[in-house]
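So this one's protein_1.txt, compact mmCIF, C-alpha atoms:
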```
# COMPACT_ATOMS: atom_id res chain seq x y z
CA ASP A 1 -35.18 -43.75 17.20
CA ALA A 2 -32.55 -41.10 17.41
CA LEU A 3 -34.06 -39.64 14.28
CA LEU A 4 -37.50 -39.48 15.82
CA ALA A 5 -36.24 -38.26 19.19
CA CYS A 6 -34.77 -35.00 17.85
CA HIS A 7 -37.13 -32.13 17.07
CA ARG A 8 -36.41 -32.30 13.34
CA PHE A 9 -38.95 -34.87 12.24
CA TYR A 10 -38.30 -34.67 8.52
CA ARG A 11 -35.02 -36.54 8.77
CA SER A 12 -37.04 -39.77 9.02
CA ARG A 13 -39.16 -38.96 6.01
CA PRO A 14 -38.33 -40.43 2.63
CA THR A 15 -37.95 -36.90 1.20
CA HIS A 16 -34.90 -36.24 3.40
CA GLY A 17 -31.97 -34.90 1.41
CA ILE A 18 -34.07 -34.19 -1.64
CA GLY A 19 -32.25 -31.04 -2.74
CA LYS A 20 -28.69 -32.48 -2.59
CA PHE A 21 -26.74 -32.56 -5.82
CA LYS A 22 -23.08 -32.09 -4.88
CA TYR A 23 -22.58 -35.85 -4.67
CA LEU A 24 -23.36 -36.05 -8.38
CA LEU A 25 -20.66 -33.53 -9.40
CA PRO A 26 -17.09 -34.76 -10.07
CA LYS A 27 -14.77 -34.26 -7.10
CA GLU A 28 -12.38 -31.32 -7.47
CA VAL A 29 -8.90 -31.72 -6.04
CA PRO A 30 -8.01 -28.47 -4.19
CA LYS A 31 -5.10 -26.72 -5.91
CA LYS A 32 -2.15 -26.02 -3.62
CA LYS A 33 -0.16 -23.65 -5.80
CA LYS A 34 1.65 -20.72 -4.23
CA GLU A 35 0.81 -17.50 -6.04
CA LYS A 36 4.05 -16.06 -7.30
CA VAL A 37 4.51 -12.37 -6.72
CA GLN A 38 4.80 -11.18 -10.30
CA MET A 39 4.94 -7.62 -11.45
CA LYS A 40 1.83 -6.53 -13.30
CA GLU A 41 2.30 -4.64 -16.54
CA ILE A 42 2.77 -0.95 -16.02
CA ASP A 43 0.41 1.10 -18.14
CA ALA A 44 2.11 4.06 -19.76
CA GLY A 45 -1.11 5.87 -20.56
CA THR A 46 -2.21 7.69 -23.68
CA GLU A 47 -2.04 11.42 -24.35
CA TYR A 48 -5.40 12.07 -22.71
CA GLN A 49 -5.03 9.60 -19.84
CA TYR A 50 -2.43 9.10 -17.18
CA GLY A 51 -1.25 5.50 -16.83
CA ASP A 52 -0.55 3.91 -13.44
CA VAL A 53 -0.43 6.58 -10.77
CA ASN A 54 0.67 5.92 -7.17
CA ILE A 55 -0.83 7.96 -4.34
CA GLN A 56 1.55 7.48 -1.43
CA MET A 57 0.58 8.66 2.04
CA THR A 58 3.25 8.77 4.74
CA SER A 59 2.90 9.62 8.40
CA TYR A 60 4.03 8.78 11.92
CA ASP A 61 0.41 8.13 12.95
CA LEU A 62 -0.81 4.69 11.86
CA CYS A 63 -4.58 5.05 12.35
CA LEU A 64 -4.69 8.40 10.56
CA VAL A 65 -2.82 7.09 7.55
CA GLU A 66 -4.97 3.96 7.33
CA HIS A 67 -8.21 5.90 7.57
CA PHE A 68 -7.03 8.40 4.96
CA ALA A 69 -6.04 5.58 2.61
CA GLN A 70 -9.48 4.02 3.06
CA TYR A 71 -11.09 7.38 2.37
CA VAL A 72 -9.08 7.85 -0.84
CA HIS A 73 -9.95 4.33 -1.98
CA ARG A 74 -13.68 4.88 -1.38
CA LEU A 75 -13.50 8.26 -3.10
CA CYS A 76 -11.98 6.66 -6.21
CA ASN A 77 -14.68 3.96 -6.12
CA ARG A 78 -17.35 6.62 -5.92
CA LEU A 79 -15.85 8.63 -8.80
CA SER A 80 -15.56 5.40 -10.85
CA ILE A 81 -11.77 5.59 -11.12
CA ARG A 82 -10.23 2.14 -11.44
CA VAL A 83 -8.08 1.20 -8.45
CA ASN A 84 -5.46 -1.43 -9.31
CA GLU A 85 -4.04 -2.07 -5.88
CA SER A 86 -4.13 -0.64 -2.39
CA TYR A 87 -1.23 -1.86 -0.32
CA ALA A 88 1.04 -0.89 2.55
CA MET A 89 4.76 -0.30 2.31
CA PRO A 90 6.99 -1.72 5.06
CA THR A 91 7.24 0.47 8.17
CA LYS A 92 10.45 2.35 8.91
CA THR A 93 11.62 2.75 12.49
CA ASN A 94 13.80 5.69 13.50
CA GLU A 95 15.57 6.23 16.80
CA VAL A 96 15.93 9.92 17.63
CA LEU A 97 18.75 10.85 19.97
CA PHE A 98 19.76 14.31 21.03
CA MET A 99 22.63 15.74 23.04
CA GLU A 100 21.61 17.26 26.36
CA GLU A 101 23.94 20.12 27.14
CA ARG A 102 23.65 20.49 30.93
CA GLY A 103 26.78 19.24 32.50
CA SER A 104 26.90 15.59 31.50
CA LYS A 105 26.17 15.15 27.82
CA MET A 106 23.43 12.52 27.79
CA GLN A 107 21.52 11.23 24.85
CA LEU A 108 17.83 10.77 25.43
CA ASP A 109 15.88 8.88 22.84
CA ALA A 110 12.48 8.41 21.23
CA VAL A 111 11.45 5.70 18.78
CA LEU A 112 9.35 6.84 15.82
CA THR A 113 7.67 4.56 13.29
CA THR A 114 6.89 5.90 9.80
CA HIS A 115 3.96 4.23 8.05
CA GLN A 116 3.17 4.42 4.35
CA ARG A 117 0.09 3.40 2.38
CA VAL A 118 -0.18 3.32 -1.41
CA VAL A 119 -3.28 3.48 -3.61
CA GLN A 120 -2.65 2.65 -7.26
CA ILE A 121 -4.92 4.20 -9.86
CA ARG A 122 -5.29 3.55 -13.57
CA GLY A 123 -7.01 5.52 -16.29
CA LEU A 124 -7.13 8.97 -14.75
CA SER A 125 -8.29 11.43 -17.40
CA SER A 126 -6.30 14.61 -17.86
CA THR A 127 -9.28 16.90 -17.26
CA PHE A 128 -10.24 15.20 -14.00
CA ALA A 129 -6.77 14.92 -12.49
CA PRO A 130 -6.57 18.48 -11.07
CA ILE A 131 -10.06 18.11 -9.56
CA LEU A 132 -9.06 14.88 -7.82
CA LEU A 133 -5.90 16.53 -6.54
CA GLU A 134 -7.94 19.42 -5.13
CA ILE A 135 -10.32 17.05 -3.31
CA ILE A 136 -7.51 14.99 -1.81
CA GLN A 137 -5.59 18.08 -0.77
CA SER A 138 -8.55 19.73 0.91
CA ASN A 139 -9.22 16.55 2.90
CA GLN A 140 -5.60 15.90 3.82
CA PRO A 141 -5.32 15.31 7.59
CA GLU A 142 -2.61 16.77 9.82
CA GLY A 143 0.83 15.29 9.63
CA VAL A 144 0.11 13.14 6.56
CA HIS A 145 2.57 13.70 3.73
CA LEU A 146 1.02 13.15 0.30
CA LEU A 147 2.97 12.11 -2.79
CA MET A 148 1.55 11.37 -6.24
CA LYS A 149 3.78 9.92 -8.91
CA GLN A 150 3.86 7.53 -11.85
CA HIS A 151 4.31 3.88 -11.03
CA THR A 152 7.69 2.45 -12.00
CA GLU A 153 9.38 -0.93 -11.75
CA ALA A 154 11.71 0.42 -9.06
CA ASP A 155 8.65 1.18 -6.90
CA PHE A 156 7.53 -2.42 -7.20
CA LYS A 157 10.98 -3.79 -6.46
CA SER A 158 11.27 -1.76 -3.28
CA ARG A 159 8.49 -3.91 -1.82
CA LEU A 160 10.41 -7.16 -2.36
CA LYS A 161 13.02 -8.74 -0.11
CA SER A 162 16.61 -8.23 -1.10
CA ARG A 163 18.52 -11.30 -2.30
CA PRO A 164 22.22 -10.74 -1.57
CA GLU A 165 23.26 -14.26 -2.65
CA LEU A 166 21.68 -13.89 -6.08
CA GLU A 167 23.25 -10.49 -6.54
CA GLU A 168 26.66 -11.78 -5.49
CA LEU A 169 26.46 -14.68 -7.92
CA LEU A 170 25.35 -12.39 -10.74
CA ALA A 171 28.25 -10.06 -10.01
CA GLU A 172 30.67 -12.98 -10.05
CA MET A 173 29.29 -14.36 -13.28
CA SER A 174 29.59 -11.12 -15.22
CA PRO B 1 60.31 -30.92 -17.59
CA CYS B 2 59.62 -27.36 -18.84
CA ARG B 3 57.14 -28.52 -21.46
CA ALA B 4 55.24 -31.13 -19.45
CA GLN B 5 54.47 -29.16 -16.28
CA PRO B 6 52.80 -26.04 -17.76
CA LYS B 7 50.59 -28.27 -19.96
CA LYS B 8 49.26 -30.13 -16.97
CA LYS B 9 48.55 -26.89 -15.15
CA LYS B 10 46.56 -25.51 -18.08
CA LYS B 11 44.39 -28.63 -18.46
CA VAL B 12 43.65 -28.93 -14.77
CA ASP B 13 42.88 -25.20 -14.47
CA VAL B 14 40.50 -25.22 -17.41
CA LYS B 15 38.65 -28.24 -16.08
CA LYS B 16 38.41 -26.75 -12.60
CA GLU B 17 37.17 -23.44 -13.99
CA GLN B 18 34.55 -25.17 -16.07
CA ALA B 19 33.40 -27.21 -13.09
CA GLN B 20 33.21 -24.04 -10.98
CA LYS B 21 31.20 -22.24 -13.64
CA GLU B 22 28.76 -25.10 -13.91
CA ARG B 23 28.31 -25.15 -10.13
CA MET B 24 27.68 -21.39 -10.13
CA LYS B 25 25.15 -21.73 -12.95
CA LYS B 26 23.33 -24.48 -11.07
CA LYS B 27 23.22 -22.32 -7.93
CA LEU B 28 21.90 -19.39 -9.98
CA LYS B 29 19.18 -21.55 -11.50
CA LYS B 30 18.11 -22.74 -8.05
CA LEU B 31 17.97 -19.22 -6.64
CA GLU B 32 16.16 -17.82 -9.65
CA LYS B 33 13.52 -20.55 -9.44
CA ALA B 34 12.46 -19.31 -6.00
CA ALA B 35 9.99 -16.47 -6.53
CA PRO B 36 10.74 -13.11 -4.87
CA GLU B 37 8.83 -12.52 -1.65
CA LEU B 38 7.19 -9.37 -0.36
CA ILE B 39 8.62 -7.82 2.79
CA PRO B 40 6.27 -8.65 5.70
CA ILE B 41 4.60 -5.55 7.06
CA GLU B 42 4.94 -5.11 10.81
CA ASP B 43 1.73 -3.04 11.04
CA PHE B 44 -0.47 -6.03 10.37
CA ILE B 45 1.10 -8.30 12.98
CA THR B 46 -0.34 -7.60 16.43
CA PRO B 47 2.36 -7.92 19.09
CA LEU B 48 1.78 -10.80 21.50
CA LYS B 49 1.51 -8.58 24.58
CA TYR B 50 -1.82 -7.20 23.35
CA SER B 51 -3.40 -10.64 23.10
CA GLU B 52 -2.91 -11.38 26.81
CA SER B 53 -6.13 -11.71 28.75
CA ASN B 54 -4.89 -9.51 31.66
CA ARG B 55 -5.61 -6.35 29.72
CA VAL B 56 -9.33 -5.88 30.29
CA ARG B 57 -10.76 -2.43 30.91
CA SER B 58 -13.79 -2.10 33.19
CA LEU B 59 -15.90 0.76 31.86
CA PRO B 60 -17.90 2.91 34.31
CA THR B 61 -21.70 2.53 34.18
CA LEU B 62 -23.50 5.43 32.51
CA SER B 63 -26.75 6.98 33.68
CA PRO B 64 -29.70 6.83 31.25
CA GLU B 65 -29.62 10.63 30.79
CA GLU B 66 -25.98 10.42 29.83
CA THR B 67 -26.59 7.63 27.29
CA GLU B 68 -29.53 9.52 25.82
CA ARG B 69 -27.45 12.69 25.56
CA ARG B 70 -24.72 10.74 23.80
CA VAL B 71 -27.11 9.08 21.37
CA LEU B 72 -28.71 12.41 20.45
CA LEU B 73 -25.26 13.97 20.00
CA LEU B 74 -24.29 11.07 17.71
CA LYS B 75 -27.40 11.62 15.61
CA LYS B 76 -26.69 15.34 15.32
CA TRP B 77 -23.09 14.58 14.31
CA CYS B 78 -24.27 12.08 11.67
CA LEU B 79 -26.62 14.67 10.21
CA PHE B 80 -23.90 17.31 10.16
CA LYS B 81 -21.48 14.95 8.44
CA GLN B 82 -24.12 13.94 5.90
CA LYS B 83 -24.78 17.60 5.03
CA GLN B 84 -21.03 18.18 4.71
CA ASP B 85 -20.61 15.17 2.44
CA GLU B 86 -23.54 16.18 0.25
CA ALA B 87 -22.13 19.69 -0.10
CA GLU B 88 -18.81 18.18 -1.16
CA LYS B 89 -20.45 15.97 -3.79
CA LYS B 90 -22.41 18.95 -5.07
CA ALA B 91 -19.21 20.99 -5.33
CA ILE B 92 -17.48 18.20 -7.27
CA LYS B 93 -20.40 17.95 -9.70
CA ALA B 94 -20.46 21.71 -10.19
CA LEU B 95 -16.70 21.73 -10.85
CA VAL B 96 -16.92 18.96 -13.44
CA GLU B 97 -19.91 20.56 -15.17
CA SER B 98 -18.31 23.97 -15.37
CA GLN B 99 -15.13 22.39 -16.70
CA GLN B 100 -17.04 20.57 -19.43
CA GLU B 101 -18.91 23.77 -20.37
CA ALA B 102 -15.66 25.73 -20.56
CA LEU B 103 -14.14 23.04 -22.77
CA LYS B 104 -17.18 23.12 -25.08
CA GLU B 105 -16.90 26.89 -25.45
CA LEU B 106 -13.17 26.56 -26.09
CA ARG B 107 -13.83 23.99 -28.79
CA LEU B 108 -16.20 26.38 -30.51
CA GLU B 109 -13.55 29.07 -30.30
CA SER B 110 -10.55 27.16 -31.69
CA GLU B 111 -9.73 23.47 -32.19
CA GLU B 112 -6.01 23.89 -31.53
CA LEU B 113 -6.46 25.37 -28.07
CA TYR B 114 -9.00 22.67 -27.23
CA GLU B 115 -6.57 19.93 -28.21
CA ALA B 116 -3.79 21.55 -26.19
CA ALA B 117 -6.08 21.86 -23.16
CA ILE B 118 -7.17 18.22 -23.32
CA ARG B 119 -3.62 16.87 -23.34
CA ARG B 120 -2.17 15.56 -20.12
CA ASP B 121 0.11 17.74 -18.04
CA GLU B 122 3.59 16.23 -17.68
CA GLY B 123 4.50 18.67 -14.95
CA LEU B 124 1.71 17.48 -12.68
CA PHE B 125 3.52 14.36 -11.48
CA PRO B 126 5.41 13.95 -9.22
CA PHE B 127 3.30 15.98 -6.82
CA GLU B 128 4.25 16.42 -3.19
CA ARG B 129 2.48 18.17 -0.35
CA GLU B 130 3.00 18.22 3.39
CA GLY B 131 -0.12 17.98 5.50
CA PRO B 132 -1.25 20.94 7.62
CA SER B 133 0.15 20.91 11.16
CA TYR B 134 -1.32 21.99 14.49
CA THR B 135 2.00 23.55 15.48
CA PRO B 136 3.99 24.89 12.52
CA PRO B 137 7.74 25.25 13.10
CA LEU B 138 8.74 28.40 15.04
CA PRO B 139 10.92 30.83 13.06
CA GLY B 140 13.65 31.54 15.64
CA TYR B 141 13.92 28.11 17.27
CA ASP B 142 17.36 26.63 17.90
CA PRO B 143 16.98 22.86 18.21
CA PRO B 144 19.42 20.78 20.30
CA GLU B 145 21.92 18.77 18.37
CA GLY B 146 21.12 15.14 17.80
CA LYS B 147 20.97 12.37 15.31
CA CYS B 148 18.49 9.96 13.75
CA ILE B 149 19.34 6.30 13.42
CA ASP B 150 17.37 4.09 11.06
CA ILE B 151 16.75 0.78 12.81
CA THR B 152 14.33 -0.88 10.37
CA LYS B 153 14.77 -4.62 10.21
CA VAL B 154 16.30 -5.70 6.88
CA TYR B 155 14.75 -8.88 5.48
CA THR B 156 16.77 -11.02 3.13
CA GLN B 157 15.58 -13.99 1.14
```
Represent the structure from my file as C-alpha cells, please.
Amino acid sequence: DALLACHRFYRSRPTHGIGKFKYLLPKEVPKKKKEKVQMKEIDAGTEYQYGDVNIQMTSYDLCLVEHFAQYVHRLCNRLSIRVNESYAMPTKTNEVLFMEERGSKMQLDAVLTTHQRVVQIRGLSSTFAPILLEIIQSNQPEGVHLLMKQHTEADFKSRLKSRPELEELLAEMS
Amino acid sequence: PCRAQPKKKKKVDVKKEQAQKERMKKKLKKLEKAAPELIPIEDFITPLKYSESNRVRSLPTLSPEETERRVLLLKKWCLFKQKQDEAEKKAIKALVESQQEALKELRLESEELYEAAIRRDEGLFPFEREGPSYTPPLPGYDPPEGKCIDITKVYTQ
C-alpha cells in the first residue's frame, strides 16, 4: 500500500528495476592506499625543445597571483602546450619593522605575506618560446614578479617537509 | 691483570658498537619507509574567523534603473573584452605565421643558418622580470632604517 500511495506508480509494476545491472558485477573492494609523493622524471628536452620549464609567479597580493596563474594555465591549454602541474608554493610571512626617529625610537610593524604559484610546462618548442614570453610579459599584472626557469630536483625538494631526524642519522652514519 | 682487562674492554666495546649500529640502521629504515610529505599551504586553509555566521553583509536595495544601467555596462564590458581577446589571438597567429615564413625563406637561403636558428636558446632561461608598478620608486628617497624578519612556520616531518 505504501507503494501505491506514493505518486510513483511504477514501483508496484513487475517491470520495476528493469535496467539494474550493478548487482550482477563482482563487488570491488575500495583501495585505501595513500599516494606517495614521488618525484616525476624531469625531462631534459631535445635540441629543438625545452624540457620541463617552471613559470613561477610571486606577489604580495593573493587574488592577483591566483588569477594570473589561472590565466597562464588557460593560455597554455589554448596554445596546446602540455601543462604537467600547476601548484602553489608555501607562503612566506615577513614582519617589517622600522625605527621611528622622533624622540623615542619605536618600531612599528606590518605583516606581509608572499604568495607563489608555479605552472610547469613540457615540450615548449624553441621557435615558440619567445612568443610565449612576449604574451606573458605583456599581460603581467602590477606587482607580480615573473620567473621562468628549468625544473630541477632541488625545486621539487623545496616543496617537501624537512626531516631533521633522518638527516641527523645520515650524518652520524657516514 | 694487564692482559685480561684490555681484552674485555675491546670485546664489550665492539659488541656495543655493533648493537648501536644495528639500532641506528633500524631507525633509518623506519624513517625512510615513511614517504616525504608536502608542506601544507596556508592559502588554501580558510581561517576559522571567516566561517562564523556573525559576518553577514546586508546589501542596499538597488532601483530598477540602476540595475539596468549595471547590466548594460556589463554587456558593453564583455563586448570590449571579447574584441580585445580576439585582437590578441589574431596578433599571436600573425606572429607565428610570419615567423614560419621567415624560417622558410631562411631555409631556402642557407641550411646552416636555418639549423642554427631552430636550435634552442640556452641564454633564455632563467628569465626574470618584475611586474609594472603604479608607483615606481622615487629617485631621491631616503627610507627609514628597519629590518625584515622572516616568520614563516617551519614544518618538520
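With distances taken over all atoms listed in the file, B:Glu37 is the one residue among B:Glu52, B:Glu17, B:Glu37, B:Glu122 lying closest to chain A.
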Proximal residues of chain A relative to chain B (all atoms listed in the file; 8 Å) as a PDB file with C-alpha atoms, in the coordinates of the input:
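Contents of the output file iface.pdb:
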```
ATOM      1  CA  LYS A  36       4.050 -16.060  -7.300  1.00  0.00           C
ATOM      2  CA  VAL A  37       4.510 -12.370  -6.720  1.00  0.00           C
ATOM      3  CA  GLU A  47      -2.040  11.420 -24.350  1.00  0.00           C
ATOM      4  CA  TYR A  48      -5.400  12.070 -22.710  1.00  0.00           C
ATOM      5  CA  GLN A  49      -5.030   9.600 -19.840  1.00  0.00           C
ATOM      6  CA  TYR A  50      -2.430   9.100 -17.180  1.00  0.00           C
ATOM      7  CA  ALA A  88       1.040  -0.890   2.550  1.00  0.00           C
ATOM      8  CA  MET A  89       4.760  -0.300   2.310  1.00  0.00           C
ATOM      9  CA  PRO A  90       6.990  -1.720   5.060  1.00  0.00           C
ATOM     10  CA  THR A  91       7.240   0.470   8.170  1.00  0.00           C
ATOM     11  CA  LYS A  92      10.450   2.350   8.910  1.00  0.00           C
ATOM     12  CA  THR A  93      11.620   2.750  12.490  1.00  0.00           C
ATOM     13  CA  ASN A  94      13.800   5.690  13.500  1.00  0.00           C
ATOM     14  CA  GLU A  95      15.570   6.230  16.800  1.00  0.00           C
ATOM     15  CA  VAL A  96      15.930   9.920  17.630  1.00  0.00           C
ATOM     16  CA  LEU A  97      18.750  10.850  19.970  1.00  0.00           C
ATOM     17  CA  PHE A  98      19.760  14.310  21.030  1.00  0.00           C
ATOM     18  CA  MET A  99      22.630  15.740  23.040  1.00  0.00           C
ATOM     19  CA  GLU A 100      21.610  17.260  26.360  1.00  0.00           C
ATOM     20  CA  SER A 125      -8.290  11.430 -17.400  1.00  0.00           C
ATOM     21  CA  SER A 126      -6.300  14.610 -17.860  1.00  0.00           C
ATOM     22  CA  THR A 127      -9.280  16.900 -17.260  1.00  0.00           C
ATOM     23  CA  PHE A 128     -10.240  15.200 -14.000  1.00  0.00           C
ATOM     24  CA  ILE A 131     -10.060  18.110  -9.560  1.00  0.00           C
ATOM     25  CA  GLN A 140      -5.600  15.900   3.820  1.00  0.00           C
ATOM     26  CA  PRO A 141      -5.320  15.310   7.590  1.00  0.00           C
ATOM     27  CA  GLU A 142      -2.610  16.770   9.820  1.00  0.00           C
ATOM     28  CA  GLY A 143       0.830  15.290   9.630  1.00  0.00           C
ATOM     29  CA  VAL A 144       0.110  13.140   6.560  1.00  0.00           C
ATOM     30  CA  HIS A 145       2.570  13.700   3.730  1.00  0.00           C
ATOM     31  CA  LEU A 146       1.020  13.150   0.300  1.00  0.00           C
ATOM     32  CA  LEU A 147       2.970  12.110  -2.790  1.00  0.00           C
ATOM     33  CA  MET A 148       1.550  11.370  -6.240  1.00  0.00           C
ATOM     34  CA  LYS A 149       3.780   9.920  -8.910  1.00  0.00           C
ATOM     35  CA  GLN A 150       3.860   7.530 -11.850  1.00  0.00           C
ATOM     36  CA  ARG A 159       8.490  -3.910  -1.820  1.00  0.00           C
ATOM     37  CA  LEU A 160      10.410  -7.160  -2.360  1.00  0.00           C
ATOM     38  CA  LYS A 161      13.020  -8.740  -0.110  1.00  0.00           C
ATOM     39  CA  SER A 162      16.610  -8.230  -1.100  1.00  0.00           C
ATOM     40  CA  ARG A 163      18.520 -11.300  -2.300  1.00  0.00           C
ATOM     41  CA  PRO A 164      22.220 -10.740  -1.570  1.00  0.00           C
ATOM     42  CA  LEU A 166      21.680 -13.890  -6.080  1.00  0.00           C
ATOM     43  CA  LEU A 169      26.460 -14.680  -7.920  1.00  0.00           C
ATOM     44  CA  LEU A 170      25.350 -12.390 -10.740  1.00  0.00           C
ATOM     45  CA  MET A 173      29.290 -14.360 -13.280  1.00  0.00           C
TER      46      MET A 173
END
```
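Here CA of Asp85 in chain B is placed at a distance of 19.1 Å from CA of Leu64 in chain A.
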query = If you measure from CA of Ser80 in chain A to CA of Gly123 in chain A, what distance in Å do you get, rounded to one decimal?
reply =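 One can read the CA of Ser80 in chain A to CA of Gly123 in chain A distance as 10.1 Å.
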request  = Would you mind reading off the distance between CA of Arg69 in chain B and CA of Asn139 in chain A, one decimal, in Å?
outcome  =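 Computing the Euclidean distance for CA of Arg69 in chain B and CA of Asn139 in chain A yields 29.3 Å.
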ask   = If you count only C-alpha atoms, which residues fall within 7 Å of Gln120 in chain A, apart from same-chain ones fewer than 4 positions away, as a PyMOL selection string?
value = chain A and resi 52-55+83-86
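Among A:Met57, A:Glu134, A:Arg122, A:Glu168, the residue with the shortest atom-to-atom distance to Glu41 in chain A, counting all atoms listed in the file, is A:Arg122.
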